[in-house]
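Next comes model-v4.txt, a file with compact mmCIF, C-alpha atoms.
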# COMPACT_ATOMS: atom_id res chain seq x y z
CA MET A 1 2.19 -31.80 -31.84
CA LYS A 2 -1.13 -30.04 -32.37
CA VAL A 3 -1.04 -26.28 -31.90
CA ASP A 4 -4.02 -23.91 -31.53
CA SER A 5 -4.61 -20.49 -33.08
CA ALA A 6 -2.70 -18.86 -30.21
CA GLY A 7 0.38 -21.06 -30.74
CA LEU A 8 -0.24 -23.21 -27.66
CA GLU A 9 0.15 -26.99 -27.66
CA VAL A 10 -3.22 -28.73 -27.61
CA LEU A 11 -3.33 -31.59 -25.09
CA SER A 12 -5.20 -34.85 -25.51
CA ARG A 13 -7.83 -36.01 -23.05
CA THR A 14 -5.36 -38.56 -21.68
CA GLU A 15 -2.74 -35.87 -21.08
CA CYS A 16 -5.37 -33.58 -19.54
CA MET A 17 -6.57 -36.25 -17.11
CA ALA A 18 -2.98 -37.07 -16.11
CA LEU A 19 -2.31 -33.38 -15.40
CA LEU A 20 -5.56 -33.04 -13.43
CA GLY A 21 -4.51 -36.08 -11.43
CA SER A 22 -1.22 -34.38 -10.57
CA ALA A 23 -2.91 -31.24 -9.22
CA THR A 24 -4.44 -30.74 -5.79
CA ILE A 25 -6.04 -27.33 -6.28
CA GLY A 26 -8.44 -26.28 -8.99
CA ARG A 27 -11.14 -23.72 -9.55
CA ILE A 28 -14.79 -24.46 -9.95
CA VAL A 29 -16.69 -22.02 -12.13
CA PHE A 30 -20.41 -21.73 -11.66
CA THR A 31 -23.18 -19.23 -12.01
CA GLU A 32 -24.37 -17.17 -9.09
CA ARG A 33 -27.23 -14.73 -9.63
CA ALA A 34 -26.64 -14.96 -13.40
CA LEU A 35 -23.00 -13.93 -13.00
CA PRO A 36 -19.92 -16.15 -13.26
CA ALA A 37 -18.37 -17.11 -9.93
CA VAL A 38 -15.00 -18.79 -9.42
CA GLN A 39 -13.92 -20.61 -6.29
CA PRO A 40 -10.59 -22.32 -5.62
CA VAL A 41 -11.04 -25.77 -4.13
CA ASN A 42 -8.91 -28.73 -3.33
CA PHE A 43 -10.05 -31.83 -5.12
CA VAL A 44 -9.24 -35.39 -5.99
CA LEU A 45 -9.99 -37.46 -9.08
CA ASP A 46 -12.22 -40.48 -8.60
CA GLY A 47 -11.70 -42.31 -11.86
CA GLU A 48 -12.37 -39.45 -14.28
CA ASP A 49 -14.73 -37.57 -11.95
CA VAL A 50 -13.66 -34.50 -10.01
CA VAL A 51 -14.62 -34.80 -6.33
CA ILE A 52 -14.86 -31.74 -4.08
CA ARG A 53 -15.82 -31.60 -0.43
CA THR A 54 -18.02 -28.80 0.77
CA GLY A 55 -20.48 -27.79 3.48
CA GLU A 56 -24.21 -28.33 3.30
CA GLY A 57 -25.26 -24.69 3.21
CA SER A 58 -22.42 -23.46 1.00
CA LYS A 59 -22.98 -21.47 -2.18
CA LEU A 60 -20.97 -24.08 -3.98
CA SER A 61 -23.22 -26.88 -2.85
CA ALA A 62 -26.27 -24.88 -3.98
CA ALA A 63 -24.71 -23.94 -7.30
CA ALA A 64 -23.46 -27.41 -8.14
CA ARG A 65 -26.77 -29.16 -7.58
CA ASP A 66 -27.28 -30.89 -10.92
CA ALA A 67 -25.79 -28.01 -12.86
CA VAL A 68 -23.26 -27.85 -15.62
CA VAL A 69 -20.10 -26.33 -14.18
CA ALA A 70 -16.55 -25.82 -15.32
CA PHE A 71 -13.47 -26.88 -13.47
CA GLU A 72 -10.01 -25.58 -14.18
CA ALA A 73 -6.56 -26.43 -12.90
CA ASP A 74 -3.26 -25.02 -14.05
CA GLU A 75 0.37 -24.77 -13.19
CA VAL A 76 2.18 -21.75 -14.51
CA ASP A 77 5.81 -20.85 -13.95
CA PRO A 78 5.99 -17.05 -14.05
CA VAL A 79 9.78 -17.07 -14.31
CA ARG A 80 10.27 -19.68 -17.01
CA HIS A 81 7.03 -18.76 -18.80
CA THR A 82 5.94 -22.37 -19.11
CA GLY A 83 2.87 -24.12 -17.88
CA TRP A 84 -0.33 -25.92 -18.61
CA SER A 85 -4.02 -25.41 -18.08
CA VAL A 86 -6.84 -27.94 -18.22
CA THR A 87 -10.54 -27.10 -18.20
CA ALA A 88 -13.31 -29.66 -17.79
CA VAL A 89 -17.00 -28.99 -18.32
CA GLY A 90 -19.68 -31.31 -17.08
CA ASN A 91 -22.61 -32.00 -14.86
CA ALA A 92 -22.10 -31.76 -11.12
CA ARG A 93 -24.24 -33.40 -8.46
CA ILE A 94 -24.22 -33.85 -4.71
CA ALA A 95 -23.57 -37.46 -3.63
CA ARG A 96 -26.68 -38.72 -1.82
CA GLU A 97 -26.31 -42.50 -1.55
CA PRO A 98 -24.81 -43.60 1.81
CA ALA A 99 -22.64 -46.21 0.07
CA GLU A 100 -21.21 -43.62 -2.29
CA ILE A 101 -20.66 -41.11 0.52
CA ALA A 102 -18.81 -43.77 2.51
CA ARG A 103 -16.62 -44.54 -0.49
CA LEU A 104 -15.91 -40.85 -1.21
CA SER A 105 -15.10 -40.25 2.48
CA ALA A 106 -12.21 -42.69 2.11
CA LEU A 107 -10.61 -40.67 -0.70
CA PRO A 108 -7.49 -38.64 0.17
CA LEU A 109 -9.41 -35.38 0.23
CA THR A 110 -9.03 -33.11 3.21
CA THR A 111 -10.85 -29.87 3.66
CA TRP A 112 -9.12 -26.66 4.66
CA ALA A 113 -11.80 -24.19 5.48
CA PRO A 114 -13.30 -24.25 8.97
CA GLY A 115 -16.60 -25.99 9.70
CA VAL A 116 -18.09 -29.31 8.75
CA ARG A 117 -17.59 -30.31 5.10
CA ASP A 118 -19.52 -33.51 4.76
CA HIS A 119 -21.01 -32.93 1.32
CA PHE A 120 -19.34 -34.29 -1.77
CA ILE A 121 -19.75 -32.70 -5.16
CA VAL A 122 -19.09 -35.18 -7.96
CA MET A 123 -18.47 -33.60 -11.32
CA ARG A 124 -18.27 -35.54 -14.55
CA THR A 125 -15.47 -34.43 -16.86
CA GLU A 126 -17.56 -34.60 -19.99
CA GLN A 127 -15.60 -32.15 -22.10
CA VAL A 128 -11.93 -31.73 -21.34
CA THR A 129 -9.57 -29.32 -23.05
CA GLY A 130 -6.00 -28.45 -22.24
CA ARG A 131 -3.13 -26.34 -23.43
CA ARG A 132 0.56 -26.25 -22.70
CA ILE A 133 2.88 -23.28 -23.11
CA ARG A 134 6.43 -24.13 -24.01
CA ARG A 135 9.23 -21.71 -24.72
CA MET B 1 -13.78 -9.39 10.36
CA LYS B 2 -16.69 -10.35 8.12
CA VAL B 3 -17.06 -14.08 7.51
CA ASP B 4 -19.19 -15.80 4.85
CA SER B 5 -21.42 -18.88 5.15
CA ALA B 6 -18.44 -21.12 4.47
CA GLY B 7 -16.38 -19.58 7.29
CA LEU B 8 -14.07 -17.65 4.97
CA GLU B 9 -13.03 -14.05 5.60
CA VAL B 10 -14.81 -11.66 3.24
CA LEU B 11 -12.43 -9.08 1.73
CA SER B 12 -13.27 -5.48 0.96
CA ARG B 13 -12.93 -4.03 -2.53
CA THR B 14 -9.80 -2.19 -1.42
CA GLU B 15 -8.22 -5.41 -0.13
CA CYS B 16 -9.26 -7.24 -3.31
CA MET B 17 -7.69 -4.62 -5.59
CA ALA B 18 -4.47 -4.66 -3.55
CA LEU B 19 -4.28 -8.46 -3.87
CA LEU B 20 -5.01 -8.30 -7.61
CA GLY B 21 -2.23 -5.74 -7.90
CA SER B 22 0.18 -8.18 -6.23
CA ALA B 23 -0.57 -11.00 -8.68
CA THR B 24 0.85 -11.48 -12.15
CA ILE B 25 -1.26 -14.42 -13.31
CA GLY B 26 -5.01 -14.70 -13.35
CA ARG B 27 -7.71 -16.58 -15.19
CA ILE B 28 -10.21 -15.05 -17.53
CA VAL B 29 -13.56 -16.82 -17.68
CA PHE B 30 -15.67 -16.38 -20.76
CA THR B 31 -18.24 -18.20 -22.80
CA GLU B 32 -17.30 -20.24 -25.83
CA ARG B 33 -20.03 -21.97 -27.81
CA ALA B 34 -22.37 -21.52 -24.83
CA LEU B 35 -19.93 -23.31 -22.49
CA PRO B 36 -17.68 -21.77 -19.86
CA ALA B 37 -14.03 -21.46 -20.87
CA VAL B 38 -11.14 -20.58 -18.58
CA GLN B 39 -7.76 -19.32 -19.72
CA PRO B 40 -4.76 -18.41 -17.56
CA VAL B 41 -3.25 -15.10 -18.57
CA ASN B 42 -0.65 -12.73 -17.28
CA PHE B 43 -2.06 -9.31 -16.61
CA VAL B 44 -1.45 -5.94 -15.11
CA LEU B 45 -3.76 -3.49 -13.39
CA ASP B 46 -4.21 -0.11 -15.06
CA GLY B 47 -5.91 1.86 -12.32
CA GLU B 48 -8.71 -0.55 -11.46
CA ASP B 49 -8.90 -2.11 -14.92
CA VAL B 50 -7.43 -5.52 -15.73
CA VAL B 51 -5.29 -5.36 -18.87
CA ILE B 52 -4.43 -8.49 -20.86
CA ARG B 53 -2.40 -8.76 -24.04
CA THR B 54 -3.52 -11.15 -26.74
CA GLY B 55 -3.34 -11.86 -30.45
CA GLU B 56 -5.77 -10.53 -33.02
CA GLY B 57 -7.29 -13.85 -34.05
CA SER B 58 -7.33 -15.44 -30.60
CA LYS B 59 -10.42 -16.96 -29.07
CA LEU B 60 -9.90 -14.66 -26.13
CA SER B 61 -9.94 -11.58 -28.28
CA ALA B 62 -13.16 -12.78 -29.95
CA ALA B 63 -14.78 -13.72 -26.66
CA ALA B 64 -13.86 -10.53 -24.85
CA ARG B 65 -15.25 -8.21 -27.49
CA ASP B 66 -17.66 -6.11 -25.44
CA ALA B 67 -18.71 -9.05 -23.33
CA VAL B 68 -19.14 -9.47 -19.61
CA VAL B 69 -16.35 -11.73 -18.41
CA ALA B 70 -15.01 -12.84 -15.08
CA PHE B 71 -11.44 -12.64 -13.97
CA GLU B 72 -9.99 -14.56 -11.06
CA ALA B 73 -6.65 -14.57 -9.32
CA ASP B 74 -5.66 -16.53 -6.26
CA GLU B 75 -2.72 -17.59 -4.19
CA VAL B 76 -3.16 -20.78 -2.25
CA ASP B 77 -0.59 -22.46 -0.05
CA PRO B 78 -1.32 -26.22 -0.19
CA VAL B 79 0.95 -26.93 2.76
CA ARG B 80 -0.20 -24.25 5.18
CA HIS B 81 -3.78 -24.31 3.91
CA THR B 82 -3.97 -20.57 3.66
CA GLY B 83 -4.68 -18.32 0.76
CA TRP B 84 -6.90 -15.83 -0.94
CA SER B 85 -9.01 -15.62 -4.06
CA VAL B 86 -10.41 -12.56 -5.81
CA THR B 87 -12.97 -12.60 -8.61
CA ALA B 88 -13.93 -9.57 -10.68
CA VAL B 89 -16.83 -9.41 -13.09
CA GLY B 90 -17.19 -6.70 -15.69
CA ASN B 91 -17.30 -5.63 -19.28
CA ALA B 92 -14.28 -6.32 -21.44
CA ARG B 93 -13.36 -4.51 -24.63
CA ILE B 94 -10.50 -4.42 -27.09
CA ALA B 95 -8.54 -1.16 -27.01
CA ARG B 96 -8.96 0.57 -30.39
CA GLU B 97 -7.73 4.13 -29.95
CA PRO B 98 -4.09 4.59 -31.01
CA ALA B 99 -3.40 6.83 -28.01
CA GLU B 100 -4.76 4.23 -25.61
CA ILE B 101 -2.85 1.42 -27.34
CA ALA B 102 0.36 3.43 -27.06
CA ARG B 103 -0.26 4.01 -23.37
CA LEU B 104 -1.09 0.33 -22.70
CA SER B 105 2.00 -0.77 -24.65
CA ALA B 106 4.11 1.03 -22.06
CA LEU B 107 2.66 -1.01 -19.17
CA PRO B 108 4.90 -3.73 -17.68
CA LEU B 109 3.01 -6.49 -19.42
CA THR B 110 4.97 -9.05 -21.35
CA THR B 111 3.42 -11.86 -23.30
CA TRP B 112 4.62 -15.43 -23.00
CA ALA B 113 2.96 -17.36 -25.77
CA PRO B 114 4.57 -17.29 -29.19
CA GLY B 115 3.37 -14.98 -31.95
CA VAL B 116 2.37 -11.34 -32.11
CA ARG B 117 0.24 -10.15 -29.19
CA ASP B 118 -0.60 -6.61 -30.07
CA HIS B 119 -4.21 -6.55 -28.90
CA PHE B 120 -5.10 -5.28 -25.46
CA ILE B 121 -8.19 -6.43 -23.62
CA VAL B 122 -9.29 -3.90 -21.03
CA MET B 123 -11.69 -5.26 -18.46
CA ARG B 124 -13.54 -3.12 -15.96
CA THR B 125 -13.64 -4.57 -12.47
CA GLU B 126 -17.26 -3.66 -11.87
CA GLN B 127 -18.05 -6.25 -9.23
CA VAL B 128 -15.21 -7.51 -7.10
CA THR B 129 -15.44 -10.19 -4.43
CA GLY B 130 -12.71 -11.86 -2.45
CA ARG B 131 -12.18 -14.39 0.29
CA ARG B 132 -9.28 -15.31 2.50
CA ILE B 133 -8.70 -18.64 4.21
CA ARG B 134 -6.87 -18.46 7.50
CA ARG B 135 -6.06 -21.30 9.81
Whole structure, structure tokens version:
Amino acid sequence: MKVDSAGLEVLSRTECMALLGSATIGRIVFTERALPAVQPVNFVLDGEDVVIRTGEGSKLSAAARDAVVAFEADEVDPVRHTGWSVTAVGNARIAREPAEIARLSALPLTTWAPGVRDHFIVMRTEQVTGRRIRR
Amino acid sequence: MKVDSAGLEVLSRTECMALLGSATIGRIVFTERALPAVQPVNFVLDGEDVVIRTGEGSKLSAAARDAVVAFEADEVDPVRHTGWSVTAVGNARIAREPAEIARLSALPLTTWAPGVRDHFIVMRTEQVTGRRIRR
């Protein structure tokens, strides 16, 4: 078991992707007016890509237009003090090809917020890191 | 009720600080080797400052040394599709004064990860934004 400088278990890419696949909510981190912005989103994995549904005019859709973003998901148990966290960094783009949009529309990805959410952000998980806290 | 371009309710600073005060886990966003890094942490509010406990040699302690960081907390209900998210941006510093360290040590802030965590990161919540999703 590999442990980092803070005493946390270092997860492999395979473990990280499995944990991401088990989560339904994550946080996309992007830059807005030169400041970091964080937005919780529901998502689904498409292979090893993170897919998020958003509206055309949303800040997220503007920010994730061919930009490097970070995506984080975690599950922390505040009572048992256990949990994991996975962060992916990679390029995000808006799906433009009708065939790809049709395919992404069939993914089990519902949107919660009101309004039309017919844009898909596809983020490559180029760098993936993860940690687990065990007692 | 103010609503943003994505149809989400925009929260006031007062509402944001009250929600932050109700949370025990958040995520600190910083830059590591020019890439965004996200780390879940438990925290406590000290007035309007976010206080995090960490170890001396930790990446977090290095990254938060007089740097502008972001801090996010949220509570999302995946079944009811409701929730809130608050993000603060501001300068973070390591507490150095013995009197301040003594005062911070008395805050209800336990550390989960193994090892000694006797460093306190104090982050000013200079810019605070928050959104709420309602059905």
Two-atom distance - CA of Asn42 in chain B, CA of Pro78 in chain A (Å)
8.6 Å
Check: which chain A residues lie within 8 Å of chain B using all atoms listed in the file, as a short mmCIF file (atom, residue, chain, number, x, y, z; two decimals) with C-alpha atoms, keeping the file's coordinate frame:
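Written file, iface.cif:
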data_model
loop_
_atom_site.label_atom_id
_atom_site.label_comp_id
_atom_site.auth_asym_id
_atom_site.auth_seq_id
_atom_site.Cartn_x
_atom_site.Cartn_y
_atom_site.Cartn_z
CA SER A 5 -4.61 -20.49 -33.08
CA ALA A 6 -2.70 -18.86 -30.21
CA GLY A 7 0.38 -21.06 -30.74
CA LEU A 8 -0.24 -23.21 -27.66
CA THR A 24 -4.44 -30.74 -5.79
CA ILE A 25 -6.04 -27.33 -6.28
CA VAL A 29 -16.69 -22.02 -12.13
CA LEU A 35 -23.00 -13.93 -13.00
CA PRO A 36 -19.92 -16.15 -13.26
CA ALA A 37 -18.37 -17.11 -9.93
CA VAL A 38 -15.00 -18.79 -9.42
CA GLN A 39 -13.92 -20.61 -6.29
CA PRO A 40 -10.59 -22.32 -5.62
CA GLY A 55 -20.48 -27.79 3.48
CA GLY A 57 -25.26 -24.69 3.21
CA SER A 58 -22.42 -23.46 1.00
CA LYS A 59 -22.98 -21.47 -2.18
CA VAL A 69 -20.10 -26.33 -14.18
CA ALA A 70 -16.55 -25.82 -15.32
CA GLU A 72 -10.01 -25.58 -14.18
CA ASP A 74 -3.26 -25.02 -14.05
CA PRO A 78 5.99 -17.05 -14.05
CA HIS A 81 7.03 -18.76 -18.80
CA SER A 85 -4.02 -25.41 -18.08
CA THR A 87 -10.54 -27.10 -18.20
CA VAL A 89 -17.00 -28.99 -18.32
CA TRP A 112 -9.12 -26.66 4.66
CA ALA A 113 -11.80 -24.19 5.48
CA PRO A 114 -13.30 -24.25 8.97
CA GLY A 115 -16.60 -25.99 9.70
CA ILE A 133 2.88 -23.28 -23.11
CA ARG A 134 6.43 -24.13 -24.01
CA ARG A 135 9.23 -21.71 -24.72
#
Both chains have the same sequence, so match all Cα atoms in order, fit chain B onto chain A by least squares, and return it as a PDB file with C-alpha atoms, keeping the file's coordinate frame.
ATOM      1  CA  MET B   1       2.195 -31.812 -31.860  1.00  0.00           C
ATOM      2  CA  LYS B   2      -1.131 -30.063 -32.399  1.00  0.00           C
ATOM      3  CA  VAL B   3      -1.041 -26.298 -31.914  1.00  0.00           C
ATOM      4  CA  ASP B   4      -4.013 -23.933 -31.528  1.00  0.00           C
ATOM      5  CA  SER B   5      -4.593 -20.498 -33.081  1.00  0.00           C
ATOM      6  CA  ALA B   6      -2.699 -18.874 -30.228  1.00  0.00           C
ATOM      7  CA  GLY B   7       0.382 -21.064 -30.757  1.00  0.00           C
ATOM      8  CA  LEU B   8      -0.229 -23.209 -27.679  1.00  0.00           C
ATOM      9  CA  GLU B   9       0.156 -26.989 -27.674  1.00  0.00           C
ATOM     10  CA  VAL B  10      -3.224 -28.726 -27.615  1.00  0.00           C
ATOM     11  CA  LEU B  11      -3.331 -31.594 -25.091  1.00  0.00           C
ATOM     12  CA  SER B  12      -5.189 -34.853 -25.524  1.00  0.00           C
ATOM     13  CA  ARG B  13      -7.832 -36.012 -23.061  1.00  0.00           C
ATOM     14  CA  THR B  14      -5.377 -38.558 -21.681  1.00  0.00           C
ATOM     15  CA  GLU B  15      -2.738 -35.871 -21.091  1.00  0.00           C
ATOM     16  CA  CYS B  16      -5.364 -33.578 -19.544  1.00  0.00           C
ATOM     17  CA  MET B  17      -6.567 -36.244 -17.101  1.00  0.00           C
ATOM     18  CA  ALA B  18      -2.980 -37.065 -16.107  1.00  0.00           C
ATOM     19  CA  LEU B  19      -2.301 -33.375 -15.399  1.00  0.00           C
ATOM     20  CA  LEU B  20      -5.551 -33.032 -13.434  1.00  0.00           C
ATOM     21  CA  GLY B  21      -4.500 -36.076 -11.436  1.00  0.00           C
ATOM     22  CA  SER B  22      -1.208 -34.357 -10.564  1.00  0.00           C
ATOM     23  CA  ALA B  23      -2.904 -31.228  -9.204  1.00  0.00           C
ATOM     24  CA  THR B  24      -4.433 -30.734  -5.783  1.00  0.00           C
ATOM     25  CA  ILE B  25      -6.037 -27.325  -6.278  1.00  0.00           C
ATOM     26  CA  GLY B  26      -8.432 -26.268  -8.977  1.00  0.00           C
ATOM     27  CA  ARG B  27     -11.137 -23.705  -9.547  1.00  0.00           C
ATOM     28  CA  ILE B  28     -14.789 -24.457  -9.949  1.00  0.00           C
ATOM     29  CA  VAL B  29     -16.697 -22.022 -12.142  1.00  0.00           C
ATOM     30  CA  PHE B  30     -20.413 -21.726 -11.660  1.00  0.00           C
ATOM     31  CA  THR B  31     -23.193 -19.229 -12.004  1.00  0.00           C
ATOM     32  CA  GLU B  32     -24.384 -17.157  -9.086  1.00  0.00           C
ATOM     33  CA  ARG B  33     -27.242 -14.721  -9.597  1.00  0.00           C
ATOM     34  CA  ALA B  34     -26.662 -14.948 -13.361  1.00  0.00           C
ATOM     35  CA  LEU B  35     -22.994 -13.931 -12.979  1.00  0.00           C
ATOM     36  CA  PRO B  36     -19.930 -16.142 -13.240  1.00  0.00           C
ATOM     37  CA  ALA B  37     -18.376 -17.110  -9.910  1.00  0.00           C
ATOM     38  CA  VAL B  38     -15.010 -18.781  -9.412  1.00  0.00           C
ATOM     39  CA  GLN B  39     -13.924 -20.606  -6.281  1.00  0.00           C
ATOM     40  CA  PRO B  40     -10.588 -22.317  -5.617  1.00  0.00           C
ATOM     41  CA  VAL B  41     -11.042 -25.761  -4.136  1.00  0.00           C
ATOM     42  CA  ASN B  42      -8.908 -28.729  -3.316  1.00  0.00           C
ATOM     43  CA  PHE B  43     -10.039 -31.828  -5.119  1.00  0.00           C
ATOM     44  CA  VAL B  44      -9.246 -35.375  -5.994  1.00  0.00           C
ATOM     45  CA  LEU B  45      -9.987 -37.439  -9.074  1.00  0.00           C
ATOM     46  CA  ASP B  46     -12.207 -40.482  -8.594  1.00  0.00           C
ATOM     47  CA  GLY B  47     -11.705 -42.300 -11.868  1.00  0.00           C
ATOM     48  CA  GLU B  48     -12.382 -39.450 -14.278  1.00  0.00           C
ATOM     49  CA  ASP B  49     -14.720 -37.571 -11.945  1.00  0.00           C
ATOM     50  CA  VAL B  50     -13.654 -34.482 -10.004  1.00  0.00           C
ATOM     51  CA  VAL B  51     -14.609 -34.792  -6.336  1.00  0.00           C
ATOM     52  CA  ILE B  52     -14.862 -31.739  -4.075  1.00  0.00           C
ATOM     53  CA  ARG B  53     -15.827 -31.603  -0.421  1.00  0.00           C
ATOM     54  CA  THR B  54     -18.035 -28.793   0.796  1.00  0.00           C
ATOM     55  CA  GLY B  55     -20.494 -27.795   3.490  1.00  0.00           C
ATOM     56  CA  GLU B  56     -24.228 -28.345   3.312  1.00  0.00           C
ATOM     57  CA  GLY B  57     -25.276 -24.701   3.198  1.00  0.00           C
ATOM     58  CA  SER B  58     -22.439 -23.464   0.995  1.00  0.00           C
ATOM     59  CA  LYS B  59     -22.997 -21.483  -2.161  1.00  0.00           C
ATOM     60  CA  LEU B  60     -20.982 -24.103  -3.971  1.00  0.00           C
ATOM     61  CA  SER B  61     -23.227 -26.895  -2.840  1.00  0.00           C
ATOM     62  CA  ALA B  62     -26.284 -24.901  -3.968  1.00  0.00           C
ATOM     63  CA  ALA B  63     -24.721 -23.954  -7.284  1.00  0.00           C
ATOM     64  CA  ALA B  64     -23.462 -27.419  -8.122  1.00  0.00           C
ATOM     65  CA  ARG B  65     -26.781 -29.144  -7.582  1.00  0.00           C
ATOM     66  CA  ASP B  66     -27.272 -30.877 -10.925  1.00  0.00           C
ATOM     67  CA  ALA B  67     -25.790 -27.991 -12.842  1.00  0.00           C
ATOM     68  CA  VAL B  68     -23.251 -27.838 -15.622  1.00  0.00           C
ATOM     69  CA  VAL B  69     -20.096 -26.330 -14.171  1.00  0.00           C
ATOM     70  CA  ALA B  70     -16.554 -25.837 -15.326  1.00  0.00           C
ATOM     71  CA  PHE B  71     -13.473 -26.878 -13.471  1.00  0.00           C
ATOM     72  CA  GLU B  72     -10.000 -25.580 -14.186  1.00  0.00           C
ATOM     73  CA  ALA B  73      -6.562 -26.427 -12.905  1.00  0.00           C
ATOM     74  CA  ASP B  74      -3.268 -25.008 -14.055  1.00  0.00           C
ATOM     75  CA  GLU B  75       0.373 -24.780 -13.192  1.00  0.00           C
ATOM     76  CA  VAL B  76       2.176 -21.763 -14.524  1.00  0.00           C
ATOM     77  CA  ASP B  77       5.802 -20.866 -13.962  1.00  0.00           C
ATOM     78  CA  PRO B  78       6.010 -17.040 -14.054  1.00  0.00           C
ATOM     79  CA  VAL B  79       9.791 -17.095 -14.307  1.00  0.00           C
ATOM     80  CA  ARG B  80      10.266 -19.689 -17.028  1.00  0.00           C
ATOM     81  CA  HIS B  81       7.032 -18.768 -18.796  1.00  0.00           C
ATOM     82  CA  THR B  82       5.947 -22.347 -19.114  1.00  0.00           C
ATOM     83  CA  GLY B  83       2.891 -24.121 -17.893  1.00  0.00           C
ATOM     84  CA  TRP B  84      -0.310 -25.925 -18.610  1.00  0.00           C
ATOM     85  CA  SER B  85      -4.008 -25.401 -18.078  1.00  0.00           C
ATOM     86  CA  VAL B  86      -6.835 -27.927 -18.213  1.00  0.00           C
ATOM     87  CA  THR B  87     -10.537 -27.095 -18.204  1.00  0.00           C
ATOM     88  CA  ALA B  88     -13.307 -29.654 -17.797  1.00  0.00           C
ATOM     89  CA  VAL B  89     -16.984 -28.982 -18.319  1.00  0.00           C
ATOM     90  CA  GLY B  90     -19.689 -31.305 -17.085  1.00  0.00           C
ATOM     91  CA  ASN B  91     -22.618 -31.991 -14.850  1.00  0.00           C
ATOM     92  CA  ALA B  92     -22.107 -31.747 -11.116  1.00  0.00           C
ATOM     93  CA  ARG B  93     -24.231 -33.405  -8.462  1.00  0.00           C
ATOM     94  CA  ILE B  94     -24.206 -33.860  -4.716  1.00  0.00           C
ATOM     95  CA  ALA B  95     -23.558 -37.450  -3.634  1.00  0.00           C
ATOM     96  CA  ARG B  96     -26.671 -38.733  -1.829  1.00  0.00           C
ATOM     97  CA  GLU B  97     -26.294 -42.496  -1.553  1.00  0.00           C
ATOM     98  CA  PRO B  98     -24.814 -43.604   1.789  1.00  0.00           C
ATOM     99  CA  ALA B  99     -22.632 -46.207   0.069  1.00  0.00           C
ATOM    100  CA  GLU B 100     -21.209 -43.614  -2.302  1.00  0.00           C
ATOM    101  CA  ILE B 101     -20.659 -41.116   0.524  1.00  0.00           C
ATOM    102  CA  ALA B 102     -18.797 -43.767   2.505  1.00  0.00           C
ATOM    103  CA  ARG B 103     -16.610 -44.545  -0.486  1.00  0.00           C
ATOM    104  CA  LEU B 104     -15.889 -40.851  -1.205  1.00  0.00           C
ATOM    105  CA  SER B 105     -15.093 -40.242   2.477  1.00  0.00           C
ATOM    106  CA  ALA B 106     -12.203 -42.675   2.116  1.00  0.00           C
ATOM    107  CA  LEU B 107     -10.594 -40.655  -0.703  1.00  0.00           C
ATOM    108  CA  PRO B 108      -7.487 -38.611   0.191  1.00  0.00           C
ATOM    109  CA  LEU B 109      -9.411 -35.368   0.231  1.00  0.00           C
ATOM    110  CA  THR B 110      -9.027 -33.105   3.206  1.00  0.00           C
ATOM    111  CA  THR B 111     -10.876 -29.865   3.641  1.00  0.00           C
ATOM    112  CA  TRP B 112      -9.137 -26.667   4.651  1.00  0.00           C
ATOM    113  CA  ALA B 113     -11.841 -24.185   5.476  1.00  0.00           C
ATOM    114  CA  PRO B 114     -13.325 -24.271   8.952  1.00  0.00           C
ATOM    115  CA  GLY B 115     -16.607 -26.015   9.714  1.00  0.00           C
ATOM    116  CA  VAL B 116     -18.129 -29.336   8.750  1.00  0.00           C
ATOM    117  CA  ARG B 117     -17.611 -30.322   5.111  1.00  0.00           C
ATOM    118  CA  ASP B 118     -19.537 -33.512   4.758  1.00  0.00           C
ATOM    119  CA  HIS B 119     -21.024 -32.928   1.316  1.00  0.00           C
ATOM    120  CA  PHE B 120     -19.339 -34.298  -1.770  1.00  0.00           C
ATOM    121  CA  ILE B 121     -19.747 -32.706  -5.169  1.00  0.00           C
ATOM    122  CA  VAL B 122     -19.084 -35.180  -7.954  1.00  0.00           C
ATOM    123  CA  MET B 123     -18.466 -33.595 -11.318  1.00  0.00           C
ATOM    124  CA  ARG B 124     -18.273 -35.525 -14.557  1.00  0.00           C
ATOM    125  CA  THR B 125     -15.474 -34.416 -16.844  1.00  0.00           C
ATOM    126  CA  GLU B 126     -17.564 -34.604 -19.989  1.00  0.00           C
ATOM    127  CA  GLN B 127     -15.598 -32.163 -22.105  1.00  0.00           C
ATOM    128  CA  VAL B 128     -11.936 -31.725 -21.336  1.00  0.00           C
ATOM    129  CA  THR B 129      -9.567 -29.315 -23.053  1.00  0.00           C
ATOM    130  CA  GLY B 130      -6.001 -28.441 -22.226  1.00  0.00           C
ATOM    131  CA  ARG B 131      -3.121 -26.342 -23.446  1.00  0.00           C
ATOM    132  CA  ARG B 132       0.567 -26.255 -22.719  1.00  0.00           C
ATOM    133  CA  ILE B 133       2.891 -23.292 -23.135  1.00  0.00           C
ATOM    134  CA  ARG B 134       6.451 -24.154 -24.022  1.00  0.00           C
ATOM    135  CA  ARG B 135       9.261 -21.771 -24.718  1.00  0.00           C
TER     136      ARG B 135
END
With a distance cut-off of 10 Å and all atoms listed in the file, select the neighbouring residues of Asp46 in chain A, excluding the residue or stretch itself and same-chain residues fewer than 6 positions from it, and output the selection as JSON, numbers by chain.
{"A": [21, 104, 107, 122, 123, 124]}
For Val51 in chain B, which residue among B:Lys2, B:Ile94, B:Ala102, B:Val79 is the nearest when counting only C-alpha atoms?
B:Ile94
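From CA of Ala62 in chain A back to CA of Ala23 in chain A, the distance works out to 24.8 Å.
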Where's the centre, and what are the edge lengths in Å to one decimal, of a box along x, y and z enclosing all listed atoms of range 71-86 of chain A padded 3 Å per side, as JSON?
{"center_x": -1.6, "center_y": -22.5, "center_z": -16.0, "size_x": 29.7, "size_y": 16.9, "size_z": 12.2}
Could you give me, as a PyMOL selection string, the residues within 8 Å of Asp66 in chain A, counting only C-alpha atoms and dropping anything in the same chain fewer than 5 positions from it?
chain A and resi 91-94
